[in-house]
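Okay, data24.csv is below, CSV, C-alpha atoms:
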```
chain,number,residue,atom,x,y,z
A,498,MET,CA,-19.0,45.1,0.5
A,499,LYS,CA,-15.6,46.7,1.5
A,500,TYR,CA,-16.3,49.6,-0.8
A,501,LEU,CA,-19.8,50.3,0.5
A,502,TYR,CA,-18.6,53.2,2.6
A,503,LEU,CA,-17.1,54.8,-0.6
A,504,ILE,CA,-20.3,54.2,-2.5
A,505,TRP,CA,-22.4,55.7,0.3
A,506,SER,CA,-20.1,58.7,0.5
A,507,ASN,CA,-20.5,59.4,-3.2
A,508,LEU,CA,-24.3,59.2,-2.9
A,509,LYS,CA,-24.1,61.8,0.0
A,510,ARG,CA,-22.1,64.2,-2.1
A,511,LYS,CA,-25.3,65.8,-3.6
A,512,LYS,CA,-27.8,65.1,-0.9
A,513,ILE,CA,-30.8,66.9,-2.5
A,514,ARG,CA,-30.3,65.2,-5.8
A,515,THR,CA,-29.9,61.8,-4.2
A,516,ILE,CA,-33.0,62.3,-2.0
A,517,LEU,CA,-35.2,63.5,-4.9
A,518,THR,CA,-34.1,60.5,-7.1
A,519,LEU,CA,-34.6,58.1,-4.2
A,520,LEU,CA,-38.1,59.5,-3.7
A,521,SER,CA,-39.0,59.2,-7.4
A,522,ILE,CA,-37.9,55.6,-7.4
A,523,MET,CA,-39.9,55.0,-4.2
A,524,VAL,CA,-43.1,56.4,-5.7
A,525,ALA,CA,-42.6,54.2,-8.8
A,526,PHE,CA,-42.4,51.0,-6.8
A,527,MET,CA,-45.1,52.1,-4.4
A,528,LEU,CA,-47.4,52.6,-7.4
A,529,PHE,CA,-46.3,49.2,-8.8
A,530,GLY,CA,-47.3,47.4,-5.6
A,531,TYR,CA,-50.6,49.3,-5.1
A,532,LEU,CA,-51.7,48.8,-8.7
A,533,GLY,CA,-50.7,45.2,-8.5
A,534,ALA,CA,-53.1,44.8,-5.6
A,535,ILE,CA,-55.9,46.4,-7.5
A,536,LYS,CA,-55.2,44.3,-10.6
A,537,GLN,CA,-55.3,41.2,-8.3
A,538,GLY,CA,-58.7,42.3,-7.0
A,539,PHE,CA,-60.1,42.1,-10.5
A,540,SER,CA,-58.3,39.0,-11.6
A,541,GLN,CA,-58.2,36.8,-8.6
A,542,GLY,CA,-61.6,35.3,-9.2
A,543,VAL,CA,-60.3,34.1,-12.5
A,544,ASP,CA,-57.2,32.6,-10.9
A,545,VAL,CA,-59.2,30.5,-8.3
A,546,ALA,CA,-62.1,29.5,-10.6
A,547,GLY,CA,-62.7,25.8,-10.6
A,548,LEU,CA,-61.1,23.9,-13.4
A,549,ASP,CA,-63.8,21.3,-13.2
A,550,ARG,CA,-66.7,23.8,-13.4
A,551,LEU,CA,-68.5,25.2,-16.4
A,552,VAL,CA,-70.9,28.0,-16.5
A,553,VAL,CA,-74.0,27.8,-18.7
A,554,ARG,CA,-75.8,31.0,-19.6
A,555,HIS,CA,-78.1,32.4,-22.2
A,556,LYS,CA,-76.6,32.5,-25.6
A,557,ILE,CA,-77.5,36.2,-26.2
A,558,SER,CA,-76.6,37.7,-22.9
A,559,ILE,CA,-76.2,36.9,-19.2
A,560,ILE,CA,-79.2,39.2,-18.4
A,561,GLN,CA,-81.4,36.8,-20.4
A,562,LEU,CA,-82.9,34.1,-18.1
A,563,LEU,CA,-83.0,30.4,-18.5
A,564,PRO,CA,-85.7,27.9,-17.4
A,565,GLN,CA,-85.1,26.2,-14.1
A,566,SER,CA,-86.1,22.9,-15.9
A,567,TYR,CA,-82.7,23.0,-17.7
A,568,GLU,CA,-81.0,21.7,-14.6
A,569,SER,CA,-82.2,18.1,-14.9
A,570,ARG,CA,-81.5,18.0,-18.6
A,571,ILE,CA,-77.9,19.3,-18.1
A,572,GLU,CA,-77.3,16.6,-15.4
A,573,GLN,CA,-78.2,13.9,-17.9
A,574,ILE,CA,-75.5,14.9,-20.3
A,575,GLU,CA,-72.5,12.6,-20.4
A,576,GLY,CA,-69.6,14.0,-18.5
A,577,VAL,CA,-71.7,16.2,-16.2
A,578,GLU,CA,-71.7,15.3,-12.5
A,579,GLU,CA,-74.1,18.0,-11.2
A,580,ALA,CA,-75.5,21.4,-12.0
A,581,VAL,CA,-76.8,24.2,-9.8
A,582,HIS,CA,-78.4,27.5,-10.8
A,583,GLN,CA,-77.8,31.0,-9.6
A,584,THR,CA,-79.5,34.3,-10.4
A,585,TRP,CA,-78.3,37.9,-10.1
A,586,PHE,CA,-80.4,39.8,-7.6
A,587,GLY,CA,-78.9,43.2,-8.0
A,588,GLY,CA,-80.1,44.9,-4.9
A,589,VAL,CA,-78.5,47.5,-2.6
A,590,TYR,CA,-78.1,47.7,1.1
A,591,GLN,CA,-79.2,51.0,2.7
A,592,LYS,CA,-77.8,53.2,-0.1
A,593,PRO,CA,-76.9,52.8,-3.8
A,594,SER,CA,-73.1,52.8,-3.1
A,595,ASN,CA,-73.5,49.6,-0.9
A,596,PHE,CA,-73.6,47.3,-3.9
A,597,PHE,CA,-72.4,43.7,-3.8
A,598,ALA,CA,-73.2,40.3,-5.2
A,599,GLN,CA,-76.5,38.8,-3.9
A,600,LEU,CA,-77.5,35.4,-5.3
A,601,PRO,CA,-80.6,33.3,-4.7
A,602,VAL,CA,-79.5,29.6,-4.7
A,603,ASN,CA,-80.4,26.2,-3.5
A,604,PRO,CA,-78.4,26.0,-0.3
A,605,GLY,CA,-77.4,22.3,-0.1
A,606,GLU,CA,-76.5,22.0,-3.8
A,607,TYR,CA,-74.7,25.3,-3.9
A,608,LEU,CA,-72.4,24.4,-1.0
A,609,GLU,CA,-71.6,21.0,-2.6
A,610,MET,CA,-70.7,22.8,-5.8
A,611,TYR,CA,-68.5,25.3,-4.0
A,612,PRO,CA,-66.6,23.4,-1.2
A,613,GLU,CA,-64.2,26.3,-0.9
A,614,PHE,CA,-67.0,28.2,0.9
A,615,LEU,CA,-66.5,27.1,4.5
A,616,ILE,CA,-69.5,27.2,6.9
A,617,SER,CA,-70.2,25.4,10.2
A,618,GLU,CA,-72.6,22.5,10.1
A,619,ALA,CA,-74.9,24.3,12.5
A,620,GLU,CA,-75.1,27.3,10.3
A,621,LYS,CA,-75.7,25.1,7.3
A,622,GLN,CA,-78.6,23.4,9.0
A,623,ALA,CA,-80.0,26.8,10.0
A,624,TRP,CA,-79.9,27.9,6.4
A,625,LEU,CA,-81.7,24.8,5.3
A,626,SER,CA,-84.4,25.2,7.9
A,627,THR,CA,-85.0,28.9,7.7
A,628,ARG,CA,-86.9,30.0,4.6
A,629,SER,CA,-85.9,33.6,4.8
A,630,GLY,CA,-82.4,32.6,5.8
A,631,ALA,CA,-79.2,33.9,4.2
A,632,ILE,CA,-75.5,33.6,4.6
A,633,ALA,CA,-72.8,36.2,3.9
A,634,GLY,CA,-69.1,36.1,3.2
A,635,ARG,CA,-66.8,37.1,6.0
A,636,LYS,CA,-65.5,40.2,4.1
A,637,ILE,CA,-69.0,41.6,3.4
A,638,ALA,CA,-70.1,40.9,6.9
A,639,GLU,CA,-67.2,42.7,8.4
A,640,ARG,CA,-67.7,45.6,6.0
A,641,PHE,CA,-71.2,46.3,7.3
A,642,GLY,CA,-70.8,44.9,10.8
A,643,TRP,CA,-73.2,42.1,10.4
A,644,LYS,CA,-73.5,39.2,12.8
A,645,VAL,CA,-75.5,36.0,12.9
A,646,GLY,CA,-79.1,36.7,13.9
A,647,ASP,CA,-79.3,40.1,12.2
A,648,ARG,CA,-82.2,41.0,10.0
A,649,ILE,CA,-80.8,42.3,6.7
A,650,PRO,CA,-83.0,44.5,4.4
A,651,ILE,CA,-82.0,44.6,0.8
A,652,ASN,CA,-83.7,47.0,-1.6
A,653,ALA,CA,-84.4,45.5,-5.0
A,654,THR,CA,-83.5,47.3,-8.2
A,655,ILE,CA,-84.8,44.4,-10.5
A,656,TRP,CA,-86.7,41.8,-8.5
A,657,THR,CA,-89.6,43.5,-6.8
A,658,LYS,CA,-91.9,41.5,-4.5
A,659,LYS,CA,-95.5,40.7,-5.3
A,660,GLY,CA,-97.5,43.9,-4.8
A,661,GLY,CA,-94.6,46.1,-5.9
A,662,GLU,CA,-92.7,46.2,-2.6
A,663,VAL,CA,-88.9,46.7,-3.2
A,664,THR,CA,-87.5,45.8,0.3
A,665,TRP,CA,-86.6,42.2,0.9
A,666,GLU,CA,-85.7,41.2,4.5
A,667,PHE,CA,-83.4,38.2,5.2
A,668,ASP,CA,-82.3,36.5,8.5
A,669,LEU,CA,-78.6,36.1,8.6
A,670,VAL,CA,-78.0,32.6,9.8
A,671,GLY,CA,-74.4,32.1,8.9
A,672,ILE,CA,-71.1,33.7,7.8
A,673,TYR,CA,-68.8,31.7,5.5
A,674,ASP,CA,-65.1,31.9,5.1
A,675,GLY,CA,-62.8,31.0,2.2
A,676,ALA,CA,-60.7,27.9,2.0
A,677,GLU,CA,-57.9,30.0,0.6
A,678,LYS,CA,-57.0,33.6,0.5
A,679,GLY,CA,-58.4,34.1,-3.0
A,680,THR,CA,-61.9,32.8,-2.3
A,681,ASP,CA,-64.6,35.4,-2.8
A,682,THR,CA,-66.1,36.2,0.6
A,683,THR,CA,-68.1,39.2,-0.5
A,684,GLN,CA,-71.3,37.4,-1.6
A,685,PHE,CA,-74.7,37.4,0.0
A,686,LEU,CA,-76.5,34.1,-0.6
A,687,PHE,CA,-80.2,33.4,0.1
A,688,ARG,CA,-82.7,30.7,-0.7
A,689,TYR,CA,-84.1,30.4,-4.2
A,690,ASP,CA,-87.4,28.9,-3.1
A,691,PHE,CA,-88.1,32.0,-0.9
A,692,PHE,CA,-87.1,34.3,-3.7
A,693,ASP,CA,-89.1,32.5,-6.5
A,694,GLU,CA,-92.3,32.4,-4.4
A,695,ALA,CA,-92.2,36.1,-3.4
A,696,ARG,CA,-91.0,37.8,-6.6
A,697,GLN,CA,-93.5,39.6,-8.8
A,698,PHE,CA,-92.4,38.1,-12.1
A,699,GLY,CA,-90.1,35.5,-13.6
A,700,GLN,CA,-91.2,32.5,-11.6
A,701,GLY,CA,-89.3,29.4,-12.7
A,702,LEU,CA,-86.5,31.3,-14.4
A,703,VAL,CA,-82.8,31.4,-13.3
A,704,GLY,CA,-79.8,33.4,-14.3
A,705,TRP,CA,-77.1,30.8,-15.1
A,706,TYR,CA,-75.9,27.3,-14.2
A,707,SER,CA,-72.7,26.2,-12.6
A,708,VAL,CA,-71.8,22.7,-13.9
A,709,ARG,CA,-69.3,20.3,-12.4
A,710,ILE,CA,-67.7,18.0,-15.0
A,711,SER,CA,-65.9,14.7,-14.4
A,712,ASP,CA,-62.9,15.4,-16.7
A,713,PRO,CA,-61.6,19.0,-17.0
A,714,SER,CA,-59.6,18.0,-20.1
A,715,LYS,CA,-62.9,17.5,-21.9
A,716,SER,CA,-64.5,20.7,-20.9
A,717,ALA,CA,-64.8,22.0,-24.5
A,718,GLU,CA,-66.5,18.8,-25.7
A,719,ILE,CA,-68.9,18.7,-22.7
A,720,ALA,CA,-69.7,22.4,-23.2
A,721,ALA,CA,-70.5,21.7,-26.9
A,722,LEU,CA,-72.8,18.8,-25.8
A,723,ILE,CA,-74.7,21.1,-23.4
A,724,ASP,CA,-75.2,23.8,-26.0
A,725,ALA,CA,-76.3,21.2,-28.6
A,726,GLU,CA,-79.0,20.0,-26.1
A,727,PHE,CA,-80.7,23.4,-26.2
A,728,ALA,CA,-80.0,24.4,-29.8
A,729,ASN,CA,-83.0,25.8,-31.6
A,730,SER,CA,-84.9,26.2,-28.3
A,731,PRO,CA,-86.4,29.5,-27.2
A,732,ALA,CA,-83.5,29.8,-24.7
A,733,GLU,CA,-80.3,28.6,-26.3
A,734,THR,CA,-77.2,28.4,-24.2
A,735,LYS,CA,-73.5,29.3,-24.2
A,736,SER,CA,-71.3,27.1,-22.1
A,737,GLU,CA,-67.8,28.2,-21.1
A,738,ALA,CA,-65.2,27.5,-18.4
A,739,GLU,CA,-65.8,29.2,-15.1
A,740,GLY,CA,-62.6,31.2,-15.4
A,741,ALA,CA,-63.7,32.7,-18.8
A,742,PHE,CA,-67.1,33.6,-17.3
A,743,VAL,CA,-65.5,35.4,-14.4
A,744,GLN,CA,-63.1,37.2,-16.7
A,745,GLY,CA,-66.1,38.4,-18.8
A,746,PHE,CA,-67.4,40.1,-15.7
A,747,ALA,CA,-64.1,41.9,-15.1
A,748,ASP,CA,-63.8,42.9,-18.8
A,749,GLN,CA,-67.0,44.8,-18.6
A,750,ILE,CA,-65.1,47.7,-17.1
A,751,GLY,CA,-62.2,47.4,-19.4
A,752,ASP,CA,-59.0,45.4,-19.8
A,753,ILE,CA,-57.6,46.0,-16.3
A,754,GLY,CA,-54.4,44.1,-17.0
A,755,PHE,CA,-53.6,46.2,-20.0
A,756,ILE,CA,-54.4,49.5,-18.3
A,757,MET,CA,-52.3,48.6,-15.2
A,758,THR,CA,-49.4,47.4,-17.4
A,759,ALA,CA,-49.5,50.6,-19.5
A,760,ILE,CA,-49.4,52.8,-16.4
A,761,ILE,CA,-46.5,50.9,-14.9
A,762,ILE,CA,-44.5,50.9,-18.1
A,763,ALA,CA,-44.9,54.7,-18.4
A,764,VAL,CA,-43.9,55.3,-14.8
A,765,PHE,CA,-40.8,53.0,-14.9
A,766,PHE,CA,-39.6,54.4,-18.2
A,767,THR,CA,-39.7,57.9,-16.7
A,768,MET,CA,-37.9,56.6,-13.6
A,769,LEU,CA,-35.2,55.0,-15.7
A,770,LEU,CA,-34.5,58.4,-17.3
A,771,VAL,CA,-34.4,60.1,-13.9
A,772,ALA,CA,-32.1,57.5,-12.4
A,773,GLY,CA,-29.9,57.3,-15.5
A,774,ASN,CA,-29.6,61.1,-15.5
A,775,THR,CA,-28.6,61.1,-11.9
A,776,MET,CA,-25.9,58.5,-12.4
A,777,ALA,CA,-24.6,60.3,-15.6
A,778,TYR,CA,-24.2,63.5,-13.6
A,779,ALA,CA,-22.5,61.7,-10.7
A,780,VAL,CA,-19.9,60.2,-13.0
A,781,ARG,CA,-19.3,63.5,-15.0
A,782,GLU,CA,-18.8,65.4,-11.7
A,783,ARG,CA,-16.2,62.9,-10.4
A,784,THR,CA,-14.1,62.4,-13.6
A,785,ASN,CA,-10.9,63.6,-11.9
A,786,GLU,CA,-11.6,61.4,-8.8
A,787,LEU,CA,-12.2,58.3,-10.9
A,788,ALA,CA,-8.9,59.0,-12.7
A,789,MET,CA,-7.1,59.3,-9.4
A,790,LEU,CA,-8.6,55.9,-8.3
A,791,LYS,CA,-7.3,54.4,-11.5
A,792,ALA,CA,-3.9,56.1,-11.0
A,793,ILE,CA,-3.5,54.5,-7.5
A,794,GLY,CA,-4.3,51.0,-8.7
A,795,PHE,CA,-8.1,50.6,-9.2
A,796,SER,CA,-8.7,48.4,-12.2
A,797,ASP,CA,-11.2,49.3,-14.9
A,798,GLY,CA,-13.5,46.5,-13.6
A,799,ARG,CA,-13.4,47.8,-10.1
A,800,VAL,CA,-14.3,51.3,-11.2
A,801,LEU,CA,-17.2,49.8,-13.3
A,802,GLY,CA,-18.3,48.0,-10.1
A,803,LEU,CA,-18.2,51.1,-8.0
A,804,VAL,CA,-20.5,53.1,-10.3
A,805,LEU,CA,-22.9,50.1,-10.7
A,806,GLY,CA,-22.8,49.7,-7.0
A,807,GLU,CA,-24.0,53.3,-6.5
A,808,SER,CA,-26.8,52.6,-9.0
A,809,PHE,CA,-27.9,49.4,-7.2
A,810,VAL,CA,-27.7,51.0,-3.7
A,811,LEU,CA,-29.8,54.0,-4.8
A,812,THR,CA,-32.4,52.0,-6.7
A,813,GLY,CA,-32.4,49.2,-4.0
A,814,ILE,CA,-33.2,51.6,-1.2
A,815,GLY,CA,-35.9,53.4,-3.2
A,816,GLY,CA,-37.4,50.2,-4.4
A,817,ALA,CA,-37.5,48.6,-1.0
A,818,LEU,CA,-39.1,51.7,0.6
A,819,GLY,CA,-41.6,51.8,-2.2
A,820,LEU,CA,-42.6,48.2,-2.0
A,821,ALA,CA,-42.8,48.4,1.8
A,822,LEU,CA,-45.0,51.5,1.7
A,823,ALA,CA,-47.3,49.8,-0.9
A,824,TRP,CA,-47.6,46.8,1.5
A,825,LEU,CA,-48.5,49.0,4.4
A,826,MET,CA,-51.1,51.0,2.4
A,827,VAL,CA,-52.7,47.8,1.1
A,828,SER,CA,-52.7,46.3,4.6
A,829,ALA,CA,-54.5,49.4,5.8
A,830,GLY,CA,-57.6,48.3,3.8
A,831,ASP,CA,-59.5,48.2,0.5
A,832,PRO,CA,-60.0,51.8,-0.8
A,833,THR,CA,-63.2,50.7,-2.4
A,834,ASN,CA,-64.6,49.8,1.0
A,835,GLY,CA,-65.2,46.2,0.1
A,836,ALA,CA,-66.2,46.5,-3.6
A,837,LEU,CA,-63.2,44.5,-4.6
A,838,PRO,CA,-63.5,40.9,-3.6
A,839,PHE,CA,-59.8,40.6,-3.1
A,840,PHE,CA,-57.3,43.3,-2.2
A,841,PHE,CA,-53.7,42.1,-1.3
A,842,ILE,CA,-50.3,42.2,-2.9
A,843,PRO,CA,-49.5,38.6,-4.1
A,844,VAL,CA,-46.0,37.3,-3.3
A,845,ASN,CA,-45.2,36.9,-7.0
A,846,TYR,CA,-45.7,40.7,-7.4
A,847,LEU,CA,-43.2,41.4,-4.6
A,848,LEU,CA,-40.7,39.0,-6.3
A,849,ILE,CA,-41.3,40.8,-9.6
A,850,GLY,CA,-40.7,44.1,-7.9
A,851,VAL,CA,-37.4,42.9,-6.5
A,852,PHE,CA,-36.4,41.8,-10.0
A,853,LEU,CA,-37.4,45.2,-11.5
A,854,VAL,CA,-35.2,46.9,-8.9
A,855,GLY,CA,-32.2,45.0,-10.2
A,856,VAL,CA,-33.2,45.7,-13.8
A,857,MET,CA,-33.7,49.4,-13.2
A,858,ALA,CA,-30.4,49.7,-11.4
A,859,LEU,CA,-28.5,47.9,-14.2
A,860,VAL,CA,-30.1,49.8,-17.0
A,861,ALA,CA,-29.7,53.2,-15.3
A,862,GLY,CA,-26.1,52.6,-14.3
A,863,ILE,CA,-24.6,50.6,-17.1
A,864,LEU,CA,-23.8,53.5,-19.5
A,865,PRO,CA,-22.3,55.8,-16.9
A,866,ALA,CA,-20.4,52.8,-15.5
A,867,LEU,CA,-19.0,51.9,-19.0
A,868,GLN,CA,-18.0,55.5,-19.5
A,869,ALA,CA,-16.1,55.4,-16.2
A,870,GLN,CA,-14.5,52.1,-17.1
A,871,ARG,CA,-13.2,53.5,-20.4
A,872,LEU,CA,-11.9,56.7,-18.9
A,873,ARG,CA,-8.2,57.3,-19.7
A,874,ILE,CA,-6.2,58.7,-16.8
A,875,ALA,CA,-4.3,61.3,-18.8
A,876,ASP,CA,-7.4,62.6,-20.5
A,877,ALA,CA,-9.3,62.9,-17.3
A,878,LEU,CA,-6.5,64.7,-15.4
A,879,ARG,CA,-6.1,67.1,-18.2
A,880,ARG,CA,-9.7,68.4,-17.8
```

In structure tokens, how does this file's structure come out?
Amino acid sequence: MKYLYLIWSNLKRKKIRTILTLLSIMVAFMLFGYLGAIKQGFSQGVDVAGLDRLVVRHKISIIQLLPQSYESRIEQIEGVEEAVHQTWFGGVYQKPSNFFAQLPVNPGEYLEMYPEFLISEAEKQAWLSTRSGAIAGRKIAERFGWKVGDRIPINATIWTKKGGEVTWEFDLVGIYDGAEKGTDTTQFLFRYDFFDEARQFGQGLVGWYSVRISDPSKSAEIAALIDAEFANSPAETKSEAEGAFVQGFADQIGDIGFIMTAIIIAVFFTMLLVAGNTMAYAVRERTNELAMLKAIGFSDGRVLGLVLGESFVLTGIGGALGLALAWLMVSAGDPTNGALPFFFIPVNYLLIGVFLVGVMALVAGILPALQAQRLRIADALRR
């Protein structure tokens, strides 16, 4: 620390170059943090998926429906504790861009299957007693300014009502919160009996089943038993872990993890070249000064430390500013206006960012530092 003033003075020698390099590093780490939040938005549902839950869907595709009668047969299979069905409604609110998950479900069974959805007992009872009742996640309610008691119209894109009407109206009787930060609070849930009675076609059919199993370590065996139960039937099934099912939804728009990683690698490689070039120029310009330091008693190791110190200070300031700016931007709100169920920078990404600051500083500064360490006094003063 006693040489910090010397390091800082060297960085101020070429102010424009230092500022531009610092801004480049800052942008790299800002992008790292922001892309991390976007990646988290697509993958968090996988991370928090229940280990003791399976999803049973049609073997061909999730858009193919299953009979509602499958529920009782699934619950009779050894290792299955309970099963509940869900169906994709696929409607829009007010305009096509207001698209979010809407699911007709059996209220009591669904809340038991997903205890991470927190709702007051009074609102639960209101949902059970109101045929047109619905509950919404906190995030989607805040997005549209909904409050309990509102009448919510949803325009169907698939499930029209009898007579061809496309607008369904629901009474918002509750708003649920998540038990943890990663819980999806962007869903709109309404009663299946109300939906099944009023829809124009498809009575008695459902989209998929969520199944709680007694032993998560036997999920593969239980999934095989479920699929065997419906083998050679008109609607064969494919059973998989809930995490794999959620990941399948995310993968429909591409491998987000690979895309983000590729972008970050490209940016950081470029920043390494920029930072390394800055440090190389700084050492080359101060060859005589470094020789003088050695002449007055600075050891090779101390000169090495000074150059590496410059690299760490420069990269550390830029990285800290970038991560802080990314945090502020993410805290300002979801750029998709609620389309992403989750949008925050997880702590582990910040820790990875700090680690990358150190790696970048070391890689960018090690070659110039070694060059300064090996510098011979006589050769340097002769230049």

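Rounded to one decimal, CA of Gln565 (chain A) and CA of Gly701 (chain A) lie 5.5 Å from each other.
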
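Nearest to Ser629 (chain A) of all the residues A:Val589, A:Phe687, A:Asp647, A:Glu613 is A:Phe687, based on all atoms listed in the file.
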
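Minimum atom-to-atom distances from A:Leu532, A:Arg783, A:Ala866, A:Lys791 to Val804 (chain A) were compared using only C-alpha atoms, and the lowest value belongs to A:Ala866.
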
What is the CA of Lys509 (chain A) to CA of Ser796 (chain A) distance in Å?
23.8 Å

Tell me which of A:Glu568, A:Thr627, A:Trp665, A:Gly671 sits closest to Val645 (chain A), counting all atoms listed in the file.
A:Gly671

Polymer residues at most 12 Å from Glu572 (chain A), all atoms listed in the file, same-chain spacing of 2 or more positions, as a PyMOL selection string
chain A and resi 566-570+574-582+706-711+719+722-723+726

If you keep C-alpha atoms, can you produce a file of those selected residues as an mmCIF file, in the coordinates of the input?
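result-v7.cif, freshly written:
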```cif
data_model
loop_
_atom_site.group_PDB
_atom_site.id
_atom_site.type_symbol
_atom_site.label_atom_id
_atom_site.label_comp_id
_atom_site.auth_asym_id
_atom_site.auth_seq_id
_atom_site.Cartn_x
_atom_site.Cartn_y
_atom_site.Cartn_z
ATOM 1 C CA SER A 566 -86.100 22.900 -15.900
ATOM 2 C CA TYR A 567 -82.700 23.000 -17.700
ATOM 3 C CA GLU A 568 -81.000 21.700 -14.600
ATOM 4 C CA SER A 569 -82.200 18.100 -14.900
ATOM 5 C CA ARG A 570 -81.500 18.000 -18.600
ATOM 6 C CA ILE A 574 -75.500 14.900 -20.300
ATOM 7 C CA GLU A 575 -72.500 12.600 -20.400
ATOM 8 C CA GLY A 576 -69.600 14.000 -18.500
ATOM 9 C CA VAL A 577 -71.700 16.200 -16.200
ATOM 10 C CA GLU A 578 -71.700 15.300 -12.500
ATOM 11 C CA GLU A 579 -74.100 18.000 -11.200
ATOM 12 C CA ALA A 580 -75.500 21.400 -12.000
ATOM 13 C CA VAL A 581 -76.800 24.200 -9.800
ATOM 14 C CA HIS A 582 -78.400 27.500 -10.800
ATOM 15 C CA TYR A 706 -75.900 27.300 -14.200
ATOM 16 C CA SER A 707 -72.700 26.200 -12.600
ATOM 17 C CA VAL A 708 -71.800 22.700 -13.900
ATOM 18 C CA ARG A 709 -69.300 20.300 -12.400
ATOM 19 C CA ILE A 710 -67.700 18.000 -15.000
ATOM 20 C CA SER A 711 -65.900 14.700 -14.400
ATOM 21 C CA ILE A 719 -68.900 18.700 -22.700
ATOM 22 C CA LEU A 722 -72.800 18.800 -25.800
ATOM 23 C CA ILE A 723 -74.700 21.100 -23.400
ATOM 24 C CA GLU A 726 -79.000 20.000 -26.100
#
```

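Each of A:Tyr846, A:Val663, A:Thr683, A:Ala619 was compared to Phe641 (chain A) using all atoms listed in the file, and A:Thr683 turns out to be the nearest.
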
Could you jot down the CA of Ala732 (chain A) to CA of Phe596 (chain A) separation for me, Å, one decimal place?
28.9 Å

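Closest approach to Ile649 (chain A) among A:Thr518, A:Gln599, A:Asn845, A:Thr682: A:Gln599, based on all atoms listed in the file.
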
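Counting all atoms listed in the file and comparing A:Leu563, A:Ile637, A:Ala676, A:Gly855, the residue that lies closest to Ile814 (chain A) is A:Gly855.
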
With a cut-off of 12 Å, could you pull out the residues of region 791-860 of chain A touching region 520-525 of chain A and give me the nearest pair of atoms for each, distance in Å to one decimal, using only C-alpha atoms, ordered by chain and ascending number, as a tab-separated table?
```
residue	atom	partner	partner_atom	distance
A:Ser808	CA	A:Ile522	CA	11.6
A:Phe809	CA	A:Ile522	CA	11.8
A:Val810	CA	A:Ile522	CA	11.8
A:Leu811	CA	A:Ile522	CA	8.7
A:Thr812	CA	A:Ile522	CA	6.6
A:Gly813	CA	A:Ile522	CA	9.1
A:Ile814	CA	A:Met523	CA	8.1
A:Gly815	CA	A:Met523	CA	4.4
A:Gly816	CA	A:Met523	CA	5.4
A:Ala817	CA	A:Met523	CA	7.5
A:Leu818	CA	A:Met523	CA	5.9
A:Gly819	CA	A:Met523	CA	4.1
A:Leu820	CA	A:Met523	CA	7.6
A:Ala821	CA	A:Met523	CA	9.4
A:Leu822	CA	A:Met523	CA	8.5
A:Ala823	CA	A:Val524	CA	9.2
A:Gly850	CA	A:Ala525	CA	10.3
A:Leu853	CA	A:Ala525	CA	10.7
A:Val854	CA	A:Ile522	CA	9.2
A:Met857	CA	A:Ile522	CA	9.5
A:Ala858	CA	A:Ile522	CA	10.3
```

Neighbour list for region 551-554 of chain A as a ChimeraX atom specification, cut-off 6 Å, all atoms listed in the file, skip fewer than 3 positions in-chain:
/A:559,705-708,734-739

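With all atoms listed in the file taken into account, the protein and nucleic acid residues at most 9 Å from Phe765 (chain A) (excluding it and anything under 2 positions from it in its own chain) are Ile522, Ala525, Phe526, Ile760, Ile761, Ile762, Ala763, Thr767, Met768, Leu769, Leu770 and Met857 of chain A.
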
Once you have the residues from the selection above, write them out as a CSV table (one decimal), keeping the file's coordinate frame, restricted to C-alpha atoms.
```
chain,number,residue,atom,x,y,z
A,522,ILE,CA,-37.9,55.6,-7.4
A,525,ALA,CA,-42.6,54.2,-8.8
A,526,PHE,CA,-42.4,51.0,-6.8
A,760,ILE,CA,-49.4,52.8,-16.4
A,761,ILE,CA,-46.5,50.9,-14.9
A,762,ILE,CA,-44.5,50.9,-18.1
A,763,ALA,CA,-44.9,54.7,-18.4
A,767,THR,CA,-39.7,57.9,-16.7
A,768,MET,CA,-37.9,56.6,-13.6
A,769,LEU,CA,-35.2,55.0,-15.7
A,770,LEU,CA,-34.5,58.4,-17.3
A,857,MET,CA,-33.7,49.4,-13.2
```

Got a minute to add N, CA and C atoms to region 609-615 of chain A and dump it as a CSV table (one decimal), keeping the file's coordinate frame?
```csv
chain,number,residue,atom,x,y,z
A,609,GLU,N,-72.3,22.2,-2.0
A,609,GLU,CA,-71.6,21.0,-2.6
A,609,GLU,C,-70.8,21.4,-3.8
A,610,MET,N,-71.4,22.3,-4.6
A,610,MET,CA,-70.7,22.8,-5.8
A,610,MET,C,-69.5,23.6,-5.5
A,611,TYR,N,-69.6,24.4,-4.4
A,611,TYR,CA,-68.5,25.3,-4.0
A,611,TYR,C,-67.9,24.9,-2.6
A,612,PRO,N,-67.2,23.8,-2.5
A,612,PRO,CA,-66.6,23.4,-1.2
A,612,PRO,C,-65.6,24.4,-0.6
A,613,GLU,N,-65.1,25.3,-1.5
A,613,GLU,CA,-64.2,26.3,-0.9
A,613,GLU,C,-64.9,27.3,0.0
A,614,PHE,N,-66.3,27.3,0.0
A,614,PHE,CA,-67.0,28.2,0.9
A,614,PHE,C,-67.2,27.4,2.2
A,615,LEU,N,-66.5,27.8,3.3
A,615,LEU,CA,-66.5,27.1,4.5
A,615,LEU,C,-67.5,27.7,5.5
```
